[in-house]
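Novice: This structure is in structure tokens; I'll ask about it shortly.
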Amino acid sequence: MKPVLDVNQLTMDFGGLRALDHIDLQVKPGEIVALIGPNGAGKTTFFNCITGIYSPTKGDMLLTRPEGDSSRLNGLKPNRVTERGMARTFQNIRLFQNMTVLENVMIGRHCRLRSGIPGAILRPPANRREEKQVVDDSYRMLEKIGLARYVNEFAKNLPYGAQRRLEIARALATEPFLLLLDEPAAGMNAQETKELDDLIIRLRAEMGVSILLIEHDMKLVMSLSDRIYVVDYGKKIAEGNPEEIKSNPAVIKAYLGEDIDA
Amino acid sequence: MTIYQEIKKSLLVSLWFMFLTFPIMVIKVNTIEQTIDWHWWRLAGVGVGVFFLSFLWRYAIARKEAGKKKAEISGEEKVALIPRLMGNPRFYIPGLIAALILVVAFPFVFSMYQTNILITALIYVVVGLGLNIVVGLAGLLDLGYVAFYAVGAYSYALLNYHFGVTFWMALPIGALLAFIFGIILGFPVLRLRGDYLAIVTLGFGEIIRLVLENWNEFSFGPSGIANIPKPSLFGLQLSLQQSSIFIYFLMIGLALMTIFVVRRLQDSRIGRAWIALREDEVACQAMGIDKTRTKLSAFALGATWAGMGGVVFAAKTTFINPTSFTIWESIIILCVVVLGGMGSILGVIVGALILILLPEYLRAFSEYRMLVFGVILVLMMVFRPGGIISGVRRIYKFEGQNTIAENNNA
């Protein structure tokens, strides 16, 4: 089966600084893949490149639907990438703070809705149906993520863990087949992290989404991931399953530094 | 102890004001006799006045702070009086009926002068609601909005002059042209935001005005275009008074239509996207919203209303020249939106009525008119920064599986 995401030789230069250096990465259908590395290794830059926020200096990015049709992501705007079926969350939470939880998810539905300006003004039956549908669909999404009780709260008033989950709900509302999570467990306590772990496993099982995540919480990464990629200074230094990564000397060196007396 | 400090504070403030106003208030040069008159008693007046006013000022600020703290402690967001009344049918239905009677009876009860002022105010209501889409909903600060107003006015004036196009045909044409101009001017400024956007749109507004002023062959330059016909009513000959009344009701109709359309727009897929765009552009794009299209639609739809307002303006005054479309006009329209309450339809209506009617009725104060106006603006912004009726957005609420959002819009 073709990988849903196939990144080849991705390179990103900021002036003289090479933030990503010929990175290869694949995500196969139904896989949970983690991208780890020390702070400043280029993980978020990688996300920004494949989602179209940055345009990479070099390299190819190919997104393939599970049904089989592929599209190149190079040069696509972020909203087009999302339309193609890859949605993301942000490391620093970027919810629409002054909108309600329900409205946040409704924004996620935006690209799957069709009504335009005339529809908005005249409100034909099709438009009314769509508007009703979007409220119902969004609510169902919130139920699935376990945020239904917050439905009419403002996003800014949510507890931290719930805000993180709302980001996931909003991304899922765009109907992706590949979900990118940028440090979903950052700042969560042990209990919240455990719930997140369950949620991600459940999402894959129920919705069949593949997941690529950046994470610093090693316990979470090791328990969730099928495969792990490790980057340091923009270069890929290792890839493999959790067991291989745990015992990989290059990874240990990158995280803990070199033995002085070695 | 505290009272002593308060007095000391006020004393310092009054001293400072006396120092600041010294050159303009005290020294007066008598140019005929080449002498200087010293008006020391004025300085004393300033000192005493400021001393007491500063007490009042601090008292008002303290009350406002106390109110804010109370709201924080009680935890619930206080719904302002007017939206609350609007949400209650027992109040707003009689209110609406009273407003309707007033609106219908107005031109027959009051003088032509009053009616004409109200027509102007209604034009600002329509134009303000248009700008409300751009500034209030989409959060794009547009300081060149008057350019679209000019496009509307000149499209009627010129089409009528050259081709004899009537008012009723010019209204949609003016709106369409303004829409197109909105897109044309919108394109280059899309990547800008905040202050930069404001400056560039300001430049665009001035460019349009300067073109109109200097391109004599096209727009007749500063001398403008005169004898623009007033709107016709099925070919009837209307007297000046009848025609004013007609324009008045026309504007009422146009304003109602604007309210209807703007309300529907803001409660739609596009309206949601505008608000989300105001909140966070990057997240918006990542959620699949086309930033370019959304911004352009806000720009162009906002411009459309300015275009219509411009057509009516040209028909009402029967004469236009570029001095009607200066930056000052943009500022006034922006003031209407900000003072009324960004994003609130009722707020913009109230804002337009206050901002246009107030200077007219302040004429009793003759030369102090604009001073009083300015003071009122400053006080408004200090004590009600959200506007007179702060934007109570319609919030989508989920209420059971089959009900769509409740409408509690102001």
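Here's how to read the names in the structure tokens: chain A, B, ... by the order shown, residue numbers from 1 in each chain, ligand numbers from 1 in the order shown.
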Just need the residues of chain A within 7 Å of chain B, counting only C-alpha atoms, so spit them out as a ChimeraX atom specification.
Specialist: /A:78-80,82-83,87-88,94,96,103,107-108,110-111,120-121,132,135-136,151-152,171,174
Novice: For N, CA and C atoms, I'd like the residues from the last selection saved as a PDB file, in the first residue's frame.
Specialist:
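The resulting part19.pdb:
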ATOM      1  N   PRO A  78      -1.977  26.704   2.692  1.00  0.00           N
ATOM      2  CA  PRO A  78      -2.402  25.877   3.834  1.00  0.00           C
ATOM      3  C   PRO A  78      -3.846  25.396   3.727  1.00  0.00           C
ATOM      4  N   ASN A  79      -4.746  26.271   3.236  1.00  0.00           N
ATOM      5  CA  ASN A  79      -6.145  25.843   3.184  1.00  0.00           C
ATOM      6  C   ASN A  79      -6.365  24.743   2.146  1.00  0.00           C
ATOM      7  N   ARG A  80      -5.569  24.758   1.067  1.00  0.00           N
ATOM      8  CA  ARG A  80      -5.679  23.694   0.057  1.00  0.00           C
ATOM      9  C   ARG A  80      -5.183  22.382   0.627  1.00  0.00           C
ATOM     10  N   THR A  82      -5.307  21.461   3.688  1.00  0.00           N
ATOM     11  CA  THR A  82      -6.357  20.952   4.576  1.00  0.00           C
ATOM     12  C   THR A  82      -7.489  20.342   3.768  1.00  0.00           C
ATOM     13  N   GLU A  83      -7.837  20.988   2.656  1.00  0.00           N
ATOM     14  CA  GLU A  83      -8.892  20.431   1.803  1.00  0.00           C
ATOM     15  C   GLU A  83      -8.508  19.062   1.255  1.00  0.00           C
ATOM     16  N   ALA A  87      -4.927  17.632   8.234  1.00  0.00           N
ATOM     17  CA  ALA A  87      -5.214  18.726   9.159  1.00  0.00           C
ATOM     18  C   ALA A  87      -4.209  18.704  10.293  1.00  0.00           C
ATOM     19  N   ARG A  88      -4.068  19.841  10.965  1.00  0.00           N
ATOM     20  CA  ARG A  88      -3.054  19.915  12.005  1.00  0.00           C
ATOM     21  C   ARG A  88      -3.564  20.626  13.248  1.00  0.00           C
ATOM     22  N   ARG A  94      -3.855  27.573  19.222  1.00  0.00           N
ATOM     23  CA  ARG A  94      -4.384  28.661  18.414  1.00  0.00           C
ATOM     24  C   ARG A  94      -5.869  28.469  18.174  1.00  0.00           C
ATOM     25  N   PHE A  96      -9.858  29.849  18.325  1.00  0.00           N
ATOM     26  CA  PHE A  96     -10.514  31.145  18.185  1.00  0.00           C
ATOM     27  C   PHE A  96     -11.111  31.476  19.546  1.00  0.00           C
ATOM     28  N   GLU A 103     -18.609  26.769  17.878  1.00  0.00           N
ATOM     29  CA  GLU A 103     -18.241  27.572  16.706  1.00  0.00           C
ATOM     30  C   GLU A 103     -16.843  27.224  16.209  1.00  0.00           C
ATOM     31  N   ILE A 107     -16.049  26.101  12.396  1.00  0.00           N
ATOM     32  CA  ILE A 107     -15.054  26.664  11.488  1.00  0.00           C
ATOM     33  C   ILE A 107     -14.279  25.539  10.805  1.00  0.00           C
ATOM     34  N   GLY A 108     -14.006  24.487  11.571  1.00  0.00           N
ATOM     35  CA  GLY A 108     -13.339  23.339  10.977  1.00  0.00           C
ATOM     36  C   GLY A 108     -14.146  22.725   9.835  1.00  0.00           C
ATOM     37  N   HIS A 110     -15.848  24.352   7.770  1.00  0.00           N
ATOM     38  CA  HIS A 110     -15.986  25.356   6.706  1.00  0.00           C
ATOM     39  C   HIS A 110     -15.655  24.822   5.318  1.00  0.00           C
ATOM     40  N   CYS A 111     -14.511  24.154   5.196  1.00  0.00           N
ATOM     41  CA  CYS A 111     -14.060  23.776   3.855  1.00  0.00           C
ATOM     42  C   CYS A 111     -14.855  22.619   3.286  1.00  0.00           C
ATOM     43  N   ALA A 120     -26.030  32.829   1.621  1.00  0.00           N
ATOM     44  CA  ALA A 120     -26.092  33.418   2.955  1.00  0.00           C
ATOM     45  C   ALA A 120     -27.209  34.455   3.040  1.00  0.00           C
ATOM     46  N   ILE A 121     -27.402  35.228   1.953  1.00  0.00           N
ATOM     47  CA  ILE A 121     -28.396  36.298   1.998  1.00  0.00           C
ATOM     48  C   ILE A 121     -29.802  35.741   1.783  1.00  0.00           C
ATOM     49  N   LYS A 132     -27.991  23.618   9.481  1.00  0.00           N
ATOM     50  CA  LYS A 132     -28.462  22.744  10.549  1.00  0.00           C
ATOM     51  C   LYS A 132     -27.523  21.550  10.695  1.00  0.00           C
ATOM     52  N   VAL A 135     -24.230  22.298  12.541  1.00  0.00           N
ATOM     53  CA  VAL A 135     -24.354  22.350  13.998  1.00  0.00           C
ATOM     54  C   VAL A 135     -24.410  20.933  14.552  1.00  0.00           C
ATOM     55  N   ASP A 136     -25.220  20.101  13.937  1.00  0.00           N
ATOM     56  CA  ASP A 136     -25.353  18.723  14.418  1.00  0.00           C
ATOM     57  C   ASP A 136     -24.037  17.953  14.296  1.00  0.00           C
ATOM     58  N   VAL A 151     -20.015  22.662  25.264  1.00  0.00           N
ATOM     59  CA  VAL A 151     -20.381  23.084  23.909  1.00  0.00           C
ATOM     60  C   VAL A 151     -20.617  24.581  23.751  1.00  0.00           C
ATOM     61  N   ASN A 152     -21.264  25.218  24.722  1.00  0.00           N
ATOM     62  CA  ASN A 152     -21.569  26.645  24.553  1.00  0.00           C
ATOM     63  C   ASN A 152     -20.619  27.572  25.294  1.00  0.00           C
ATOM     64  N   ALA A 171      -9.574  20.162  14.208  1.00  0.00           N
ATOM     65  CA  ALA A 171      -8.842  19.615  13.062  1.00  0.00           C
ATOM     66  C   ALA A 171      -9.596  18.436  12.453  1.00  0.00           C
ATOM     67  N   THR A 174     -12.428  18.864   9.811  1.00  0.00           N
ATOM     68  CA  THR A 174     -12.136  19.074   8.395  1.00  0.00           C
ATOM     69  C   THR A 174     -12.080  17.753   7.625  1.00  0.00           C
TER      70      THR A 174
END
Novice: Tell me, which residues of region 149-365 of chain B carry DSSP helix (DSSP H, G or I), written as a ChimeraX atom specification?
Specialist: /B:149-163,167-189,194-214,216-219,221-223,240-266,269-279,281-286,291-317,322-325,327-340,345-365
Novice: Give me the residues near Gln97 (chain A) as a list in words, where near means some atom within 7 Å (using only C-alpha atoms) and where sequence neighbours in that chain fewer than 5 positions away do not count.
Specialist: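 After dropping sequence-adjacent residues, the list is Phe154, Ala155 and Lys156 of chain A.
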Novice: Mind checking DSSP for region 184-257 of chain A and telling me the strand (DSSP E) residues as an mmCIF file with C-alpha atoms, in the first residue's frame?
Specialist:
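Now in part12.cif:
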data_model
loop_
_atom_site.group_PDB
_atom_site.id
_atom_site.type_symbol
_atom_site.label_atom_id
_atom_site.label_comp_id
_atom_site.auth_asym_id
_atom_site.auth_seq_id
_atom_site.Cartn_x
_atom_site.Cartn_y
_atom_site.Cartn_z
ATOM 1 C CA SER A 210 -3.293 8.114 10.303
ATOM 2 C CA ILE A 211 -1.428 10.255 12.786
ATOM 3 C CA LEU A 212 1.906 12.021 12.714
ATOM 4 C CA LEU A 213 2.809 13.644 15.996
ATOM 5 C CA ILE A 214 5.551 15.719 17.506
ATOM 6 C CA ARG A 227 7.374 4.055 14.214
ATOM 7 C CA ILE A 228 9.517 6.944 15.339
ATOM 8 C CA TYR A 229 11.680 9.402 13.447
ATOM 9 C CA VAL A 230 14.367 11.293 15.325
ATOM 10 C CA VAL A 231 15.734 14.597 14.053
ATOM 11 C CA ASP A 232 18.523 16.731 15.422
ATOM 12 C CA LYS A 235 18.963 16.084 10.093
ATOM 13 C CA LYS A 236 17.257 12.747 10.496
ATOM 14 C CA ILE A 237 19.451 10.738 12.837
ATOM 15 C CA ALA A 238 17.342 7.645 13.333
ATOM 16 C CA GLU A 239 14.122 5.869 12.455
ATOM 17 C CA GLY A 240 12.524 2.696 13.639
#
